[in-house]
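*Asks:* Sharing start.pdb here; it has PDB, C-alpha atoms and all ligand atoms.
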```pdb
ATOM      1  CA  MET A   1       0.000   0.000   0.000
ATOM      2  CA  PRO A   2       1.456   3.364  -0.979
ATOM      3  CA  ARG A   3       2.197   5.670   1.909
ATOM      4  CA  SER A   4       0.080   8.772   2.036
ATOM      5  CA  LYS A   5       1.710  12.155   1.763
ATOM      6  CA  LYS A   6       0.473  12.946   5.278
ATOM      7  CA  SER A   7       2.196  10.004   7.003
ATOM      8  CA  SER A   8       5.396  10.763   5.106
ATOM      9  CA  THR A   9       5.217  14.398   6.213
ATOM     10  CA  VAL A  10       4.695  13.309   9.845
ATOM     11  CA  ALA A  11       7.692  10.982   9.615
ATOM     12  CA  MET A  12       9.854  13.761   8.159
ATOM     13  CA  ASP A  13       8.763  16.190  10.877
ATOM     14  CA  ARG A  14       9.587  13.606  13.592
ATOM     15  CA  LEU A  15      12.994  12.951  12.037
ATOM     16  CA  PHE A  16      13.664  16.682  11.834
ATOM     17  CA  VAL A  17      12.865  17.128  15.557
ATOM     18  CA  LYS A  18      15.070  14.139  16.511
ATOM     19  CA  ILE A  19      17.964  15.470  14.433
ATOM     20  CA  LEU A  20      17.655  18.984  15.872
ATOM     21  CA  ALA A  21      17.601  17.624  19.448
ATOM     22  CA  ARG A  22      20.558  15.282  18.850
ATOM     23  CA  LEU A  23      22.555  18.017  17.137
ATOM     24  CA  GLY A  24      22.526  19.936  20.415
ATOM     25  CA  GLN A  25      24.321  17.006  22.093
ATOM     26  CA  LEU A  26      26.999  16.415  19.462
ATOM     27  CA  THR A  27      30.470  17.881  19.079
ATOM     28  CA  VAL A  28      30.455  19.762  15.784
ATOM     29  CA  LYS A  29      33.671  20.905  14.148
ATOM     30  CA  GLU A  30      34.824  22.363  10.861
ATOM     31  CA  ASP A  31      37.946  21.089   9.141
ATOM     32  CA  TYR A  32      39.354  20.741   5.634
ATOM     33  CA  LEU A  33      39.006  17.051   4.746
ATOM     34  CA  GLY A  34      40.128  17.339   1.126
ATOM     35  CA  LYS A  35      37.916  18.075  -1.859
ATOM     36  CA  ASP A  36      35.959  14.816  -1.921
ATOM     37  CA  VAL A  37      34.745  14.475   1.682
ATOM     38  CA  HIS A  38      31.823  16.727   2.595
ATOM     39  CA  ALA A  39      31.630  15.665   6.242
ATOM     40  CA  MET A  40      32.440  12.879   8.674
ATOM     41  CA  TRP A  41      30.602  11.262  11.583
ATOM     42  CA  GLU A  42      32.483   9.473  14.355
ATOM     43  CA  PRO A  43      30.913   7.071  16.866
ATOM     44  CA  ASP A  44      32.072   9.281  19.773
ATOM     45  CA  GLY A  45      29.410  11.780  18.703
ATOM     46  CA  THR A  46      31.615  14.108  16.683
ATOM     47  CA  ILE A  47      30.549  15.511  13.340
ATOM     48  CA  THR A  48      33.186  17.274  11.262
ATOM     49  CA  ILE A  49      31.886  19.487   8.479
ATOM     50  CA  ASN A  50      34.108  20.350   5.520
ATOM     51  CA  PRO A  51      32.516  23.540   4.207
ATOM     52  CA  ALA A  52      35.185  23.917   1.502
ATOM     53  CA  VAL A  53      33.563  21.379  -0.834
ATOM     54  CA  SER A  54      30.200  23.075  -1.200
ATOM     55  CA  VAL A  55      31.618  26.597  -0.910
ATOM     56  CA  VAL A  56      34.226  26.042  -3.636
ATOM     57  CA  ASP A  57      31.683  24.297  -5.870
ATOM     58  CA  SER A  58      29.429  27.356  -5.530
ATOM     59  CA  ILE A  59      32.299  29.807  -6.108
ATOM     60  CA  LEU A  60      33.452  27.994  -9.246
ATOM     61  CA  HIS A  61      29.868  27.938 -10.522
ATOM     62  CA  GLU A  62      29.283  31.660  -9.938
ATOM     63  CA  CYS A  63      32.744  32.655 -11.266
ATOM     64  CA  LEU A  64      32.018  30.710 -14.451
ATOM     65  CA  HIS A  65      28.826  32.785 -14.864
ATOM     66  CA  GLU A  66      31.000  35.884 -14.350
ATOM     67  CA  LEU A  67      33.647  34.784 -16.878
ATOM     68  CA  HIS A  68      31.210  33.287 -19.386
ATOM     69  CA  PRO A  69      27.830  35.034 -19.209
ATOM     70  CA  GLU A  70      27.013  33.472 -22.584
ATOM     71  CA  TRP A  71      27.144  29.916 -21.163
ATOM     72  CA  SER A  72      23.873  28.187 -20.341
ATOM     73  CA  GLU A  73      23.115  26.989 -16.820
ATOM     74  CA  THR A  74      23.658  23.405 -18.041
ATOM     75  CA  THR A  75      27.110  24.274 -19.418
ATOM     76  CA  VAL A  76      28.084  26.052 -16.197
ATOM     77  CA  LEU A  77      26.959  23.037 -14.145
ATOM     78  CA  GLN A  78      28.941  20.659 -16.394
ATOM     79  CA  GLN A  79      32.087  22.800 -16.326
ATOM     80  CA  THR A  80      31.855  23.214 -12.561
ATOM     81  CA  GLY A  81      31.693  19.435 -12.139
ATOM     82  CA  LYS A  82      34.668  18.943 -14.468
ATOM     83  CA  LEU A  83      36.691  21.578 -12.615
ATOM     84  CA  MET A  84      35.899  20.070  -9.201
ATOM     85  CA  ALA A  85      37.046  16.671 -10.480
ATOM     86  CA  TYR A  86      40.193  18.149 -12.038
ATOM     87  CA  LEU A  87      41.416  20.437  -9.256
ATOM     88  CA  SER A  88      43.757  19.065  -6.608
ATOM     89  CA  ASP A  89      42.981  19.147  -2.881
ATOM     90  CA  ALA A  90      45.548  21.966  -2.623
ATOM     91  CA  GLN A  91      43.902  24.016  -5.391
ATOM     92  CA  VAL A  92      40.459  23.627  -3.817
ATOM     93  CA  GLY A  93      42.058  24.624  -0.517
ATOM     94  CA  GLN A  94      43.530  27.743  -2.179
ATOM     95  CA  ILE A  95      40.145  28.868  -3.479
ATOM     96  CA  TYR A  96      38.551  28.176  -0.090
ATOM     97  CA  GLY A  97      41.327  30.128   1.653
ATOM     98  CA  GLU A  98      40.771  33.089  -0.657
ATOM     99  CA  TYR A  99      37.021  32.883   0.032
ATOM    100  CA  ARG A 100      37.638  32.922   3.819
ATOM    101  CA  ARG A 101      39.946  35.939   3.508
ATOM    102  CA  ARG A 102      37.361  37.814   1.434
ATOM    103  CA  ILE A 103      34.562  37.028   3.895
ATOM    104  CA  GLU A 104      36.656  38.089   6.901
ATOM    105  CA  ASP A 105      37.837  41.297   5.188
ATOM    106  CA  GLY A 106      34.240  42.127   4.301
ATOM    107  CA  GLU A 107      35.250  42.834   0.685
TER
HETATM  108 ZN    ZN B 201      24.061  29.031 -12.267
END
```
Using the file provided, produce a representation of the structure as structure tokens.
*Replies:*
Amino acid sequence: MPRSKKSSTVAMDRLFVKILARLGQLTVKEDYLGKDVHAMWEPDGTITINPAVSVVDSILHECLHELHPEWSETTVLQQTGKLMAYLSDAQVGQIYGEYRRRIEDGE
């Protein structure tokens, strides 16, 4: 029997509340884990978030729009994916470092 939208919504709301409550009990850190690892959970209740992956992906995407306004959204998405696959951990780290400096300088 297919699940109704309502029971699925209730389940999602319950899961959301459980996650929010548990999050308050966890140790949450940020660290650079290389360009391919978004985050890591450890059984001791530590979650390490690697913001560089999603931030750099977004920066590459928006910079490609800046450099190539004639490119379609599909082309920008494809080129962003190719760049993320091509760049080294160090290069992704460089772009993330530049992003952090720009945010902190308020430029
Ligand atoms: Zn776009």
*Asks:* Collect all residues with atoms no farther than 10 Å from ligand ZN 201 (chain B), counting all atoms listed in the file, and output them as a ChimeraX atom specification.
*Replies:* /A:58,60-66,69,71-77,80
*Asks:* Which residue out of A:Met12, A:Val53, A:Ile59, A:Ile47 has the minimum interatomic distance to Gly24 (chain A) when all atoms listed in the file are used?
*Replies:*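 Distance minimum relative to Gly24 (chain A) lands on A:Ile47.
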*Asks:* Pull out every residue that the PyMOL selection byres (((chain A and resi 51) around 9) and not hetatm) matches in the shown coordinates and put them as a list in words.
*Replies:*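 Residues picked by the PyMOL selection byres (((chain A and resi 51) around 9) and not hetatm): Glu30, Asp31, Tyr32, His38, Ala39, Ile49, Asn50, Ala52, Val53, Ser54, Val55, Val56 and Tyr96 of chain A.
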*Asks:* If we count all atoms listed in the file, what is near Thr46 (chain A) at a cut-off of 10 Å, once residues fewer than 5 positions away on the same chain are taken out, given as a PyMOL selection string?
*Replies:* chain A and resi 23+25-29+40-41
*Asks:* Quick one: distance from CA of Ala21 (chain A) to CA of Asp44 (chain A) in Å, one decimal?
*Replies:*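 The value is 16.7 Å.
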*Asks:* Between CA of Arg100 (chain A) and CA of Arg22 (chain A), measure the distance and give it in Å to one decimal.
*Replies:*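 Rounded to one decimal, the two atoms are 28.8 Å apart.
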*Asks:* For region 83-97 of chain A, take all atoms listed in the file, fit an axis-aligned box around them, add 8 Å to each of the six sides, then output centre and edge lengths in Å rounded to one decimal, as lines of an AutoDock Vina configuration file.
*Replies:*
```
center_x = 40.7
center_y = 23.4
center_z = -5.5
size_x = 25.6
size_y = 29.5
size_z = 30.3
```
*Asks:* Could you work out how far CA of Thr48 (chain A) lies from CA of Glu98 (chain A), giving the answer in Å with one decimal?
*Replies:*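 Computing it gives 21.2 Å between the two atoms.
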*Asks:* Of the candidates A:Ile103, A:Pro43, A:Asp57, A:Leu67, which one gets nearest to Lys82 (chain A) if we count all atoms listed in the file?
*Replies:* A:Asp57
*Asks:* Which residue is closest to Gly93 (chain A)? Choose from A:His68, A:Gln79, A:Asp36, A:Ser7 and count only C-alpha atoms.
*Replies:* A:Asp36
*Asks:* Within 9 Å of Asp89 (chain A), counting all atoms listed in the file, which residues show up once you throw out same-chain ones fewer than 6 positions away? Write them as a list in words, please.
*Replies:*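 Final neighbour list, sorted by chain and number: Leu33, Gly34, Lys35 and Asp36 of chain A.
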